[in-house]
Amino acid sequence: MSPTDPPTGRPGDVFAAPLHDGAPLLRVDGLRKSFGDNQVLKSIDLSVDRGDVVALIGPSGSGKTTVLRCLNGLEVPDGGTVDVAGELHLDFASPLSRKQVAALRDRSAMVFQHYHLFPHMTVLQNVIEGPVQVQRRHREEVVTEAEALLARVGLADKRDSHPAELSGGQQQRVGIVRALALRPQLLLFDEPTSALDPELVGDVLTVIKELADEGWTMLIVTHELAFAREVADQVVFMDEGYVVERGDPSVVLREPREERTRQFVRRLLSPF
Ligand SMILES: Nc1ncnc2c1ncn2[C@@H]1O[C@H](COP(=O)(O)OP(=O)(O)OP(=O)(O)O)[C@@H](O)[C@H]1O
Ligand SMILES: [Mg+2]
């Protein structure tokens, strides 16, 4: 299925995730990325099954955001391969064409830590910008879908507001709607609640949990271990440019095999 095909999970339901069949939606092998002489990603392997939620955890500076940015076409990796849905195969050993980068970008949508909404645009304009300007979909259809998505996250009455008039939690829910409006196959979340005041975290996590229950395929960078334990099918711990450990949340977060994972989890659970 092309990512711009209408979602087929439930006709008429704009929250419907793309149908999934249990096969990997995303496979990443040996992903490498340096900034100057700082080798941030040394060799990253990941596999995300369709409909699964994978939580990516790791210390600050370990390269989590860089992984997401590579998958969203915002950074160009130096090496490794990415396969999406068994349809798009990218080998970063040689330079990608503009068409390949566009294809990668079209498969996924990112929700940023600091929302990244355009301040001069209304909520609705923020949501429809990508589908209309980049995906060239019909404005009317996109607006109808955007309004329904905003209603689903409790923001129908904010469509004509500007981001500065919204709370952080509301802005992040707009960020999620903007990602959904792109009809991606894969949702990428970069610490979606870490910039929020504690009392606003719950609303955003509730929306993400709803998406997980709907069957969306998601890769989430998070420090919310309780949330990861509840929602994730797999937890991936990365450090110093490698995946150190991955597996079931009950194992990786409770009884990790690797000492480095154990130290990290312990520190997050009791920081003082
Ligand atoms: N555009 C860039 N130019 C130069 N260095 C960069 C760039 N983006 C990231 N880095 C460096 O890459 C390393 C990994 O950064 P990244 O943001 O991926 O880490 P992270 O795991 O997301 O950390 P955090 O938990 O603090 O968000 C850091 O040392 C960072 O300084
Ligand atoms: Mg980061």
# chains A, B, ... in the order shown; residues from 1 in each chain; ligands from 1

$ select_by_dssp --residues "segment 74-218 of chain A" --states "strand (DSSP E)" --output "PyMOL selection string"
chain A and resi 79-84+88-91+108-111+186-190+217-218

$ residues_around --residues "Arg27 of chain A" --least-positions-apart "5" --cutoff "9 Å" --atoms "only C-alpha atoms" --output "number ranges by chain"
A: 45-49, 81-86

$ write_last_selection --atoms "N, CA and C atoms" --output "PDB file, in the first residue's frame"
ATOM      1  N   ASP A  45      20.973  -1.546  14.413  1.00  0.00           N
ATOM      2  CA  ASP A  45      20.032  -2.510  13.819  1.00  0.00           C
ATOM      3  C   ASP A  45      18.705  -2.393  14.557  1.00  0.00           C
ATOM      4  N   LEU A  46      17.637  -2.353  13.788  1.00  0.00           N
ATOM      5  CA  LEU A  46      16.292  -2.256  14.375  1.00  0.00           C
ATOM      6  C   LEU A  46      15.331  -3.030  13.520  1.00  0.00           C
ATOM      7  N   SER A  47      14.298  -3.551  14.151  1.00  0.00           N
ATOM      8  CA  SER A  47      13.227  -4.156  13.366  1.00  0.00           C
ATOM      9  C   SER A  47      11.910  -3.835  14.070  1.00  0.00           C
ATOM     10  N   VAL A  48      10.992  -3.270  13.330  1.00  0.00           N
ATOM     11  CA  VAL A  48       9.690  -2.919  13.903  1.00  0.00           C
ATOM     12  C   VAL A  48       8.610  -3.622  13.100  1.00  0.00           C
ATOM     13  N   ASP A  49       7.881  -4.515  13.761  1.00  0.00           N
ATOM     14  CA  ASP A  49       6.791  -5.209  13.075  1.00  0.00           C
ATOM     15  C   ASP A  49       5.605  -4.275  12.871  1.00  0.00           C
ATOM     16  N   THR A  81      21.516   0.061   5.771  1.00  0.00           N
ATOM     17  CA  THR A  81      20.338  -0.076   4.905  1.00  0.00           C
ATOM     18  C   THR A  81      19.058   0.129   5.705  1.00  0.00           C
ATOM     19  N   VAL A  82      18.039   0.613   5.012  1.00  0.00           N
ATOM     20  CA  VAL A  82      16.702   0.763   5.591  1.00  0.00           C
ATOM     21  C   VAL A  82      15.720   0.142   4.618  1.00  0.00           C
ATOM     22  N   ASP A  83      14.848  -0.685   5.159  1.00  0.00           N
ATOM     23  CA  ASP A  83      13.801  -1.307   4.343  1.00  0.00           C
ATOM     24  C   ASP A  83      12.463  -0.963   4.968  1.00  0.00           C
ATOM     25  N   VAL A  84      11.556  -0.419   4.173  1.00  0.00           N
ATOM     26  CA  VAL A  84      10.234  -0.088   4.700  1.00  0.00           C
ATOM     27  C   VAL A  84       9.188  -0.902   3.948  1.00  0.00           C
ATOM     28  N   ALA A  85       8.447  -1.669   4.709  1.00  0.00           N
ATOM     29  CA  ALA A  85       7.306  -2.421   4.188  1.00  0.00           C
ATOM     30  C   ALA A  85       7.684  -3.391   3.068  1.00  0.00           C
ATOM     31  N   GLY A  86       8.948  -3.773   3.005  1.00  0.00           N
ATOM     32  CA  GLY A  86       9.383  -4.675   1.941  1.00  0.00           C
ATOM     33  C   GLY A  86       9.261  -4.045   0.563  1.00  0.00           C
TER      34      GLY A  86
END

$ residues_around --residues "segment 144-152 of chain A" --least-positions-apart "3" --cutoff "12 Å" --atoms "only C-alpha atoms" --output "short mmCIF file (atom, residue, chain, number, x, y, z; two decimals) with C-alpha atoms, in the first residue's frame"
data_model
loop_
_atom_site.label_atom_id
_atom_site.label_comp_id
_atom_site.auth_asym_id
_atom_site.auth_seq_id
_atom_site.Cartn_x
_atom_site.Cartn_y
_atom_site.Cartn_z
CA PRO A 6 -6.64 6.07 2.21
CA PRO A 7 -6.27 4.16 5.46
CA GLY A 12 -14.48 6.54 7.41
CA ASP A 13 -12.41 6.52 10.57
CA VAL A 14 -9.60 9.00 10.17
CA PHE A 15 -7.85 7.48 13.16
CA ALA A 16 -7.64 4.13 11.42
CA VAL A 123 -3.56 25.11 14.00
CA LEU A 124 -5.48 24.03 10.89
CA GLN A 125 -2.90 25.54 8.54
CA ASN A 126 -0.14 23.71 10.41
CA VAL A 127 -1.96 20.41 10.01
CA ILE A 128 -2.85 20.72 6.33
CA GLU A 129 0.44 22.23 5.13
CA GLY A 130 2.23 18.91 4.47
CA PRO A 131 -0.68 17.00 2.90
CA VAL A 132 -1.60 19.93 0.62
CA ARG A 137 -3.77 16.21 -1.94
CA HIS A 138 -7.06 18.06 -2.40
CA ARG A 139 -7.35 20.85 0.12
CA GLU A 140 -11.03 20.27 0.85
CA GLU A 141 -10.54 16.60 1.63
CA LEU A 155 -8.98 20.40 19.87
CA ALA A 156 -11.83 21.09 17.45
CA ASP A 157 -12.32 24.57 18.90
CA LYS A 158 -8.64 25.46 18.43
CA ARG A 159 -8.50 25.12 14.65
CA ASP A 160 -8.15 28.88 14.09
CA GLN A 170 -2.29 21.14 23.22
CA GLN A 171 0.57 22.05 20.88
CA GLN A 172 1.91 18.52 21.10
CA ARG A 173 -1.52 17.09 20.30
CA VAL A 174 -1.52 19.33 17.21
CA GLY A 175 1.93 17.92 16.44
CA ILE A 176 0.46 14.41 16.59
CA VAL A 177 -2.49 15.38 14.39
CA ARG A 178 -0.11 16.96 11.90
CA ALA A 179 1.80 13.67 11.73
CA LEU A 180 -1.39 11.61 11.32
CA ALA A 181 -2.66 13.92 8.57
CA LEU A 182 0.29 12.78 6.45
CA ARG A 183 -1.14 9.23 6.53
CA THR A 206 -3.39 9.02 26.34
CA VAL A 207 -3.51 10.01 22.67
CA GLU A 210 -4.98 5.28 21.72
CA LEU A 211 -2.91 5.23 18.53
#

$ residues_near_ligand --ligand "ligand 2" --cutoff "8 Å" --atoms "only C-alpha atoms and all ligand atoms" --output "PDB file with C-alpha atoms, in the first residue's frame"
ATOM      1  CA  SER A  60      21.489  11.745  26.440  1.00  0.00           C
ATOM      2  CA  GLY A  61      23.702  12.040  23.387  1.00  0.00           C
ATOM      3  CA  GLY A  63      21.978   9.158  19.114  1.00  0.00           C
ATOM      4  CA  LYS A  64      18.247   8.473  19.591  1.00  0.00           C
ATOM      5  CA  THR A  65      17.083  11.643  17.855  1.00  0.00           C
ATOM      6  CA  THR A  66      19.612  11.060  15.093  1.00  0.00           C
ATOM      7  CA  GLN A 113      10.082  17.068  21.312  1.00  0.00           C
ATOM      8  CA  ASP A 190      10.981  12.048  19.804  1.00  0.00           C
ATOM      9  CA  GLU A 191      10.438  12.375  23.567  1.00  0.00           C
ATOM     10  CA  VAL A 221      12.009   7.773  21.997  1.00  0.00           C
TER      11      VAL A 221
END

$ residues_near_ligand --ligand "ligand 1" --cutoff "10 Å" --atoms "only C-alpha atoms and all ligand atoms" --output "number ranges by chain"
A: 33-41, 56-70, 74-75, 113, 190-191, 194, 221-223, 238-241

$ write_last_selection --atoms "C-alpha atoms" --output "compact mmCIF listing (two decimals), in the first residue's frame"
# COMPACT_ATOMS: atom_id res chain seq x y z
CA LYS A 33 26.10 8.48 10.94
CA SER A 34 28.90 10.88 11.85
CA PHE A 35 28.90 14.60 12.42
CA GLY A 36 32.45 15.63 11.55
CA ASP A 37 34.66 13.25 13.52
CA ASN A 38 31.90 12.50 16.03
CA GLN A 39 30.65 9.04 15.08
CA VAL A 40 27.18 9.13 16.60
CA LEU A 41 25.65 5.99 15.10
CA LEU A 56 13.88 3.56 22.03
CA ILE A 57 15.72 4.45 25.21
CA GLY A 58 19.25 5.49 26.02
CA PRO A 59 21.41 8.16 27.65
CA SER A 60 21.49 11.75 26.44
CA GLY A 61 23.70 12.04 23.39
CA SER A 62 23.49 8.34 22.51
CA GLY A 63 21.98 9.16 19.11
CA LYS A 64 18.25 8.47 19.59
CA THR A 65 17.08 11.64 17.85
CA THR A 66 19.61 11.06 15.09
CA VAL A 67 18.12 7.61 14.43
CA LEU A 68 14.63 9.13 14.04
CA ARG A 69 15.94 11.95 11.86
CA CYS A 70 17.68 9.44 9.58
CA LEU A 74 16.09 14.73 7.82
CA GLU A 75 19.66 13.40 8.03
CA GLN A 113 10.08 17.07 21.31
CA ASP A 190 10.98 12.05 19.80
CA GLU A 191 10.44 12.37 23.57
CA SER A 194 9.65 15.66 27.90
CA VAL A 221 12.01 7.77 22.00
CA THR A 222 10.98 8.18 25.60
CA HIS A 223 12.19 8.46 29.16
CA MET A 238 21.09 2.16 22.73
CA ASP A 239 24.36 3.57 23.96
CA GLU A 240 27.50 4.94 22.30
CA GLY A 241 26.21 4.38 18.80

$ residues_around --residues "Pro163 of chain A" --least-positions-apart "5" --cutoff "8 Å" --atoms "only C-alpha atoms" --output "PyMOL selection string"
chain A and resi 117-119+121-123+171

$ write_last_selection --atoms "C-alpha atoms" --output "PDB file, in the first residue's frame"
ATOM      1  CA  LEU A 117       4.713  24.079  14.779  1.00  0.00           C
ATOM      2  CA  PHE A 118       4.875  27.092  12.475  1.00  0.00           C
ATOM      3  CA  PRO A 119       4.117  30.039  14.803  1.00  0.00           C
ATOM      4  CA  MET A 121       0.104  29.643  10.966  1.00  0.00           C
ATOM      5  CA  THR A 122      -3.136  28.616  12.610  1.00  0.00           C
ATOM      6  CA  VAL A 123      -3.557  25.114  14.002  1.00  0.00           C
ATOM      7  CA  GLN A 171       0.569  22.054  20.880  1.00  0.00           C
TER       8      GLN A 171
END

$ atom_distance --atom1 "atom CA of Ser270 of chain A" --atom2 "atom CA of Ile208 of chain A"
24.9 Å

$ select_by_dssp --residues "segment 31-253 of chain A" --states "helix (DSSP H, G or I)" --output "JSON, numbers by chain"
{"A": [64, 65, 66, 67, 68, 69, 70, 71, 98, 99, 100, 101, 102, 103, 104, 105, 106, 107, 123, 124, 125, 126, 127, 128, 129, 130, 131, 132, 133, 134, 139, 140, 141, 142, 143, 144, 145, 146, 147, 148, 149, 150, 151, 152, 156, 157, 158, 163, 164, 165, 168, 169, 170, 171, 172, 173, 174, 175, 176, 177, 178, 179, 180, 181, 198, 199, 200, 201, 202, 203, 204, 205, 206, 207, 208, 209, 210, 211, 212, 213, 214, 225, 226, 227, 228, 229, 230, 231, 249, 250, 251, 252]}

$ atom_distance --atom1 "atom CA of Val252 of chain A" --atom2 "atom CA of Glu230 of chain A"
13.0 Å
